[in-house]
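Below is one structure; the comments refer to it alone.
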Amino acid sequence: MVTVLPLLVLFFAICCNKTGYPSQLLLDDWRTYFEKILTADYIKSLYDPWAFTWYLLFVAFEAILYLALPGDSYPGTELRDGKRLRYRLNGFTAYHTTIFTGLYFLKSSGLKPLLFVYDHWVGLAVSSILFSYMISLYVYLKSFQKDALLALGGNTGNPLYDFMIGRELNPRIGEFDIKFFTELRPGMIGWQVINLAFAAKQYLDLGYVTNSMVLVQMFQAWYIVDSLWNEEAVLTTMDITTDGFGYMLAFGLYSWVPLNYTLQARYLVDFPRDLSWPAFGAILFLNVLGYYIFRSANSQKNEFRMNSDGPNTKHLKYITTARGTKLITSGWWGVSRHINYLGDWLMALSWSLPCGFASPVPYFYPFYFAILLLHRERRDDHKCRTKYGKDWEKYCSIVKARIIPGKILLNWA
């Protein structure tokens, strides 16, 4: 993962262009193509100092917003050492501050500065990968401080594995929580900025924005805004409560998300297309359905965790494990054990459908995401089976479906 996934990011950045996704030159003669791009001179040319500078400035700007903007101080879950860290929730404020700051500077220059993203795309990809390595090395070395609370899965003694998974659970510089900042700020807000830059590129090329680009922009902006608006939900995820902060998370959020989740918008810059209105409506319906399942299921779980006797959760059925944990067996979570994964994947599919079927590359995200969700479901099942024992077996006998519902009405309360 430390090398393969960065190479995949670079493949999409370098080998996809106006000639095709992948490049027509690659399809015509792949040996000659790779012989050309694997030379020392070409590899050296991939480093773009301007792109690296602007990438660092963007991350620094988001870090300043995290520290400077007002926000509620929200308690996280109790850690195994009995402490409960507090987090400043101002992600949505940082999001619209970023957008309006950009609009302020663009009001006199027009949209042309946004072309920097498209024109320096390979350099930005390289910069994101380099920064991921840098921040990962920093938190790995920092984790050897004597007061660091280590993640249970990231302290194996194998340096490469621990570097990838993350040794320290919650690396902080003072009150600046590196992992929490990384979860939503650089990746999600960067994703939005890049998407808008691609929409600007298409507008400057065509004189208008296609309805397929409008769908991609609308779907992904809504997903980003929803994530930042519901920032507190991140505090109960395994990323925050269980997993250490290492290269896996750093690369995923500083590089993978902003570079690969924008594939659809970038594709529509190089291959613009207009959808028929029936197709437009069908794709819109699929996205709304996926969002409804994803958000309502997650909200139900979070409300139940905070207060199982609340007005919106007191009707839910559950079993109480020997550890005292309550496992929901009705509502959304009686439909399947990971019904939120289904909603999330339906949204992912709707992001790619506006691109049509001329290339499989825009469908990389839903394909990869399906594999990721299946792996995550198996990992979660193993952890819960180890943690709860016979109680988990009882739970699985009640809620039989893993992700895709079977007999939906049977488990609905």
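Identifiers in the structure tokens: chain A, B, ... in order shown; residue index from 1 per chain; ligand index from 1 in order shown.
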Enumerate as a VMD selection string all residues of stretch 161-404 of chain A assigned to alpha helix (DSSP H) by DSSP on the backbone, naming them with the chain letters and numbers the document uses. chain A and resid 161 to 165 178 to 184 190 to 206 211 to 229 238 to 241 247 to 251 257 to 260 263 to 270 277 to 306 332 to 335 339 to 352 364 to 388 390 to 398
For A:Leu284, list every protein, DNA or RNA residue within 9 Å, evaluated using only C-alpha atoms, and leave out those in the same chain fewer than 6 positions away; present the list as JSON, numbers by chain. {"A": [215, 219, 350]}
Of the residues A:Ala297, A:Ile43, A:Leu349, A:Ala94, which is the one nearest to A:Leu65, using only C-alpha atoms?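 With only C-alpha atoms as the atom set, the closest residue is A:Ala94.
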Can you pull out the residues contacting A:His338? Cut-off 8 Å, using only C-alpha atoms, and skip same-chain residues under 4 positions away; I want them as a ChimeraX atom specification. /A:333,342,377,402-403
List every residue of stretch 108-346 of chain A that DSSP, applied to the backbone of this structure, assigns to strand (DSSP E or B), and report them as a list in words. Leu150, Glu168, Arg172, Ile173, Phe176, Asp177, Tyr318, Ile319, Thr320, Lys326, Leu327 and Ile328 of chain A
List the neighbours of A:Pro354 out to 10 Å using only C-alpha atoms; skip same-chain residues closer than 5 positions along the sequence, and give me the result as a list in words.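 Residues meeting the cut-off are Asn211, Ser212, Met213, Val214, Leu215, Val216, Gln264, Ala265, Leu268, Pro272, Arg273, Asp274, Leu275, Ala279, Phe280, Ile283, Leu284, Leu349 and Pro362 of chain A.
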Non-local contacts of A:Leu89 (10 Å; only C-alpha atoms; under 2 positions in same chain excluded) as a ChimeraX atom specification: /A:66,69-74,86-87,91-94,180-181,228-232
Do a neighbour search on A:Gly187 at 7 Å with only C-alpha atoms, toss out local chain neighbours closer than 4 positions, and write the hits as number ranges by chain. A: 191, 253-254, 257-258
Given only C-alpha atoms as the counted atoms, nearest of A:Leu373, A:Leu114, A:Ile173, A:Val122 to A:Ser143: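 Closest residue, counting only C-alpha atoms: A:Ile173.
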Long-range neighbours of A:Thr329 as a PyMOL selection string, 6 Å cut-off, only C-alpha atoms, 5 positions minimum in chain: chain A and resi 317-318+334
Selected residues written out, N, CA and C atoms, as a compact mmCIF listing (two decimals), in the first residue's frame:
# COMPACT_ATOMS: atom_id res chain seq x y z
N LYS A 317 -35.40 -1.63 19.13
CA LYS A 317 -35.09 -2.85 19.86
C LYS A 317 -33.58 -3.07 19.85
N TYR A 318 -33.08 -3.73 20.87
CA TYR A 318 -31.65 -3.98 20.94
C TYR A 318 -31.38 -5.14 21.88
N GLY A 334 -31.83 -3.00 11.77
CA GLY A 334 -32.44 -4.32 11.70
C GLY A 334 -32.56 -4.78 10.25
Atomic distance atom CA of A:Tyr267 - atom CA of A:Met218, expressed in Å with one decimal: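 Interatomic distance here is 15.9 Å.
The residue that comes closest to A:Thr242, out of A:Ile319, A:Ala282, A:Leu259, A:Ala151 and on the basis of only C-alpha atoms, is A:Ala151.
A straight line drawn from atom CA of A:Cys384 to atom CA of A:Ser227 is 25.7 Å long.
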Compare A:Leu169, A:Val9, A:Ile99, A:Met248 by their minimum atom-to-atom distance to A:Thr262, counting only C-alpha atoms, and give me the closest one. A:Val9
